[in-house]
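Source file: target16.cif (mmCIF, C-alpha atoms)
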data_structure
loop_
_atom_site.label_atom_id
_atom_site.label_comp_id
_atom_site.auth_asym_id
_atom_site.auth_seq_id
_atom_site.Cartn_x
_atom_site.Cartn_y
_atom_site.Cartn_z
CA MET A 134 140.47 56.44 119.45
CA SER A 135 137.06 54.96 118.59
CA ILE A 136 135.40 58.32 119.34
CA ASN A 137 137.68 60.02 116.82
CA LEU A 138 136.95 57.34 114.24
CA GLU A 139 133.20 57.68 114.82
CA PHE A 140 133.49 61.48 114.54
CA ALA A 141 135.43 61.13 111.26
CA CYS A 142 132.85 58.69 109.82
CA ILE A 143 129.95 61.00 110.66
CA HIS A 144 131.68 63.96 109.05
CA LEU A 145 132.63 61.91 106.00
CA GLN A 146 129.01 60.88 105.60
CA TYR A 147 127.91 64.52 105.95
CA PHE A 148 130.53 65.66 103.45
CA LEU A 149 129.57 63.02 100.87
CA SER A 150 125.84 63.73 101.22
CA SER A 151 126.40 67.48 100.94
CA THR A 152 128.28 67.05 97.65
CA TYR A 153 125.53 64.76 96.35
CA TYR A 154 122.86 67.38 97.11
CA LEU A 155 125.02 70.40 96.25
CA SER A 156 122.61 71.80 93.69
CA GLN A 157 119.75 71.83 96.24
CA PHE A 158 121.96 73.54 98.82
CA ARG A 159 122.83 76.23 96.29
CA GLY A 160 119.21 76.66 95.23
CA GLU A 161 119.79 75.40 91.71
CA TYR A 162 117.05 73.46 89.98
CA THR A 163 118.05 70.45 87.97
CA GLY A 164 114.83 68.47 87.61
CA GLU A 165 112.49 68.82 84.64
CA GLU A 166 109.59 69.64 86.95
CA ASP A 167 111.53 72.54 88.46
CA LYS A 168 112.51 73.81 85.01
CA SER A 169 108.94 73.66 83.78
CA ARG A 170 107.73 75.48 86.90
CA ASP A 171 110.35 78.18 86.26
CA VAL A 172 109.22 78.64 82.63
CA ILE A 173 105.58 78.96 83.66
CA THR A 174 106.43 81.30 86.54
CA TYR A 175 108.50 83.48 84.23
CA ALA A 176 105.77 83.53 81.57
CA ILE A 177 103.13 84.57 84.12
CA HIS A 178 105.47 87.22 85.50
CA PHE A 179 106.02 88.52 81.96
CA MET A 180 102.24 88.68 81.44
CA ARG A 181 101.72 90.59 84.70
CA GLU A 182 104.48 93.06 83.88
CA ASN A 183 103.01 93.76 80.44
CA LEU A 184 99.26 93.85 81.15
CA GLY A 185 98.94 97.36 79.78
CA LYS A 186 100.65 96.52 76.50
CA LYS A 187 99.39 94.68 73.48
CA ILE A 188 101.24 91.39 73.77
CA LEU A 189 100.86 88.24 71.75
CA VAL A 190 101.56 84.62 72.57
CA ASP A 191 104.65 85.00 70.35
CA ASP A 192 105.95 87.68 72.70
CA ILE A 193 105.41 85.56 75.80
CA ALA A 194 106.95 82.48 74.17
CA ARG A 195 109.96 84.48 73.02
CA ALA A 196 110.42 85.87 76.54
CA ALA A 197 110.25 82.32 77.92
CA GLY A 198 112.77 81.14 75.32
CA LEU A 199 110.44 78.66 73.60
CA SER A 200 108.77 78.35 70.22
CA THR A 201 105.21 79.62 70.11
CA THR A 202 103.68 76.23 69.35
CA TYR A 203 105.63 74.39 72.03
CA PHE A 204 105.02 77.15 74.57
CA SER A 205 101.26 77.18 73.96
CA THR A 206 100.98 73.41 74.33
CA PHE A 207 103.29 73.36 77.34
CA PHE A 208 101.48 76.24 79.07
CA GLN A 209 98.09 74.61 78.49
CA LYS A 210 99.35 71.30 79.88
CA GLN A 211 100.90 72.89 82.98
CA THR A 212 98.16 75.39 83.87
CA GLY A 213 95.02 73.95 82.32
CA SER A 214 94.48 77.21 80.47
CA SER A 215 95.71 78.61 77.18
CA PRO A 216 98.15 81.54 77.41
CA ILE A 217 95.56 83.93 75.95
CA SER A 218 92.85 82.81 78.39
CA TYR A 219 95.28 83.17 81.27
CA LEU A 220 96.29 86.64 80.08
CA ASN A 221 92.64 87.66 79.71
CA ASN A 222 91.93 86.46 83.25
CA LEU A 223 94.87 88.48 84.59
CA ARG A 224 93.66 91.54 82.72
CA ILE A 225 90.09 91.19 83.95
CA GLN A 226 91.37 90.66 87.50
CA GLN A 227 93.29 93.95 87.20
CA GLY A 228 90.21 95.56 85.67
CA CYS A 229 88.17 94.49 88.69
CA GLN A 230 90.68 96.15 90.98
CA TYR A 231 90.43 99.37 88.99
CA LEU A 232 86.62 99.19 89.09
CA ASP A 233 86.65 98.54 92.84
CA PHE A 234 89.27 101.05 93.93
CA THR A 235 89.32 103.90 91.39
CA ASP A 236 86.92 106.28 89.72
CA LEU A 237 88.44 105.69 86.28
CA LYS A 238 85.97 105.41 83.42
CA ILE A 239 85.57 102.00 81.83
CA ASN A 240 87.18 103.11 78.56
CA GLN A 241 90.20 104.36 80.57
CA ILE A 242 90.45 101.08 82.43
CA CYS A 243 90.35 99.02 79.25
CA HIS A 244 93.33 100.95 77.86
CA LYS A 245 95.26 100.56 81.13
CA ILE A 246 94.94 96.78 80.98
CA GLY A 247 95.81 96.31 77.33
CA TYR A 248 92.48 96.40 75.50
CA GLU A 249 92.14 98.97 72.72
CA ASP A 250 88.41 98.47 72.18
CA PRO A 251 86.09 99.18 75.15
CA TYR A 252 83.37 96.98 73.62
CA TYR A 253 85.75 94.03 73.34
CA PHE A 254 86.83 94.62 76.94
CA SER A 255 83.20 94.69 78.02
CA ARG A 256 82.46 91.47 76.13
CA ILE A 257 85.46 89.63 77.64
CA PHE A 258 84.66 91.04 81.11
CA THR A 259 81.07 89.83 80.88
CA LYS A 260 82.18 86.40 79.67
CA ILE A 261 84.61 85.95 82.56
CA MET A 262 82.77 87.74 85.38
CA GLY A 263 79.18 87.00 84.40
CA MET A 264 78.21 90.68 84.42
CA ALA A 265 79.10 93.86 82.57
CA PRO A 266 81.77 96.19 84.00
CA LYS A 267 79.08 98.80 84.83
CA GLU A 268 77.10 96.22 86.80
CA TYR A 269 80.25 95.05 88.55
CA ARG A 270 81.08 98.60 89.65
CA LYS A 271 77.52 99.22 90.93
CA ARG A 272 77.28 96.03 92.95
CA GLU A 273 77.49 96.24 96.71
CA LYS A 274 80.98 95.57 98.00
CA GLY A 275 81.93 93.87 101.23
#

Using structure tokens, write down the structure from this file.
Amino acid sequence: MSINLEFACIHLQYFLSSTYYLSQFRGEYTGEEDKSRDVITYAIHFMRENLGKKILVDDIARAAGLSTTYFSTFFQKQTGSSPISYLNNLRIQQGCQYLDFTDLKINQICHKIGYEDPYYFSRIFTKIMGMAPKEYRKREKG
């Protein structure tokens, strides 16, 4: 009889703990930190999916379901970078891949990654990478 009672107590403890942690078992996030991570992850995903389009911080904030002002402050606090700086870095990263792995002209690349003006693209590229896109393409790889 004591073995059955011990078995029942263990299972009761398991049952009670599983109901307490039900949201974690189901993969639901309830903490503020998890929610903030989800908003940032979604915003970055939105940026990556729309690199070739002209998007504004308003567009990203709207997609994340936040006001532009709150989103900008929140994004800066969570990532250490403004949304525009982060987006520019993603675009330049994609531009580097195009320069490394394609024969596309620089003005074609700038349009593919969301810049309308090749000179502006070149200026941003140089600021972030420390060299012009032409220099970057010519450099020895590997």

Worksheet item: On this structure, which residues satisfy the PyMOL selection byres ((chain A and resi 240-248) around 6), written as a list in words?
Response: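 On the file shown, the PyMOL selection byres ((chain A and resi 240-248) around 6) covers Leu184, Gly185, Lys186, Lys187, Arg224, Lys238, Ile239, Glu249, Asp250 and Pro251 of chain A.
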
Worksheet, complete the sentence: One decimal place gives the CA of Thr201 in chain A-CA of His178 in chain A separation as 17.2 Å

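Closest to Thr212 in chain A among A:Lys271, A:Arg181, A:Lys260, A:Arg170 is A:Arg170, based on all atoms listed in the file.
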
Practice prompt. Using CA of Ser205 in chain A and CA of Tyr252 in chain A as the two end points, give the distance in Å to one decimal.
Written response: 26.7 Å

Practice prompt. Give me, please, the distance in Å between CA of Asp171 in chain A and CA of Ile225 in chain A, quoted to one decimal.
Written response: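 Taking CA of Asp171 in chain A and CA of Ile225 in chain A, their separation equals 24.2 Å.
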
Worksheet item: Which residue out of A:Ile261, A:Thr174, A:Arg195, A:Glu268 has the minimum interatomic distance to Ser218 in chain A when all atoms listed in the file are used?
Response: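 Closest candidate: A:Ile261.
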
Response to the item:
Among A:Leu199, A:Leu189, A:Arg270, A:Met262, Phe234 in chain A is approached most closely, using only C-alpha atoms, by A:Arg270

Evaluate the PyMOL selection byres ((chain A and resi 190) around 7) and report residues as a PDB file with C-alpha atoms, keeping the file's coordinate frame:
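The resulting out.pdb:
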ATOM      1  CA  ILE A 188     101.240  91.390  73.770  1.00  0.00           C
ATOM      2  CA  LEU A 189     100.860  88.240  71.750  1.00  0.00           C
ATOM      3  CA  ASP A 191     104.650  85.000  70.350  1.00  0.00           C
ATOM      4  CA  ASP A 192     105.950  87.680  72.700  1.00  0.00           C
ATOM      5  CA  ILE A 193     105.410  85.560  75.800  1.00  0.00           C
ATOM      6  CA  ALA A 194     106.950  82.480  74.170  1.00  0.00           C
ATOM      7  CA  THR A 201     105.210  79.620  70.110  1.00  0.00           C
ATOM      8  CA  PRO A 216      98.150  81.540  77.410  1.00  0.00           C
ATOM      9  CA  ILE A 217      95.560  83.930  75.950  1.00  0.00           C
TER      10      ILE A 217
END
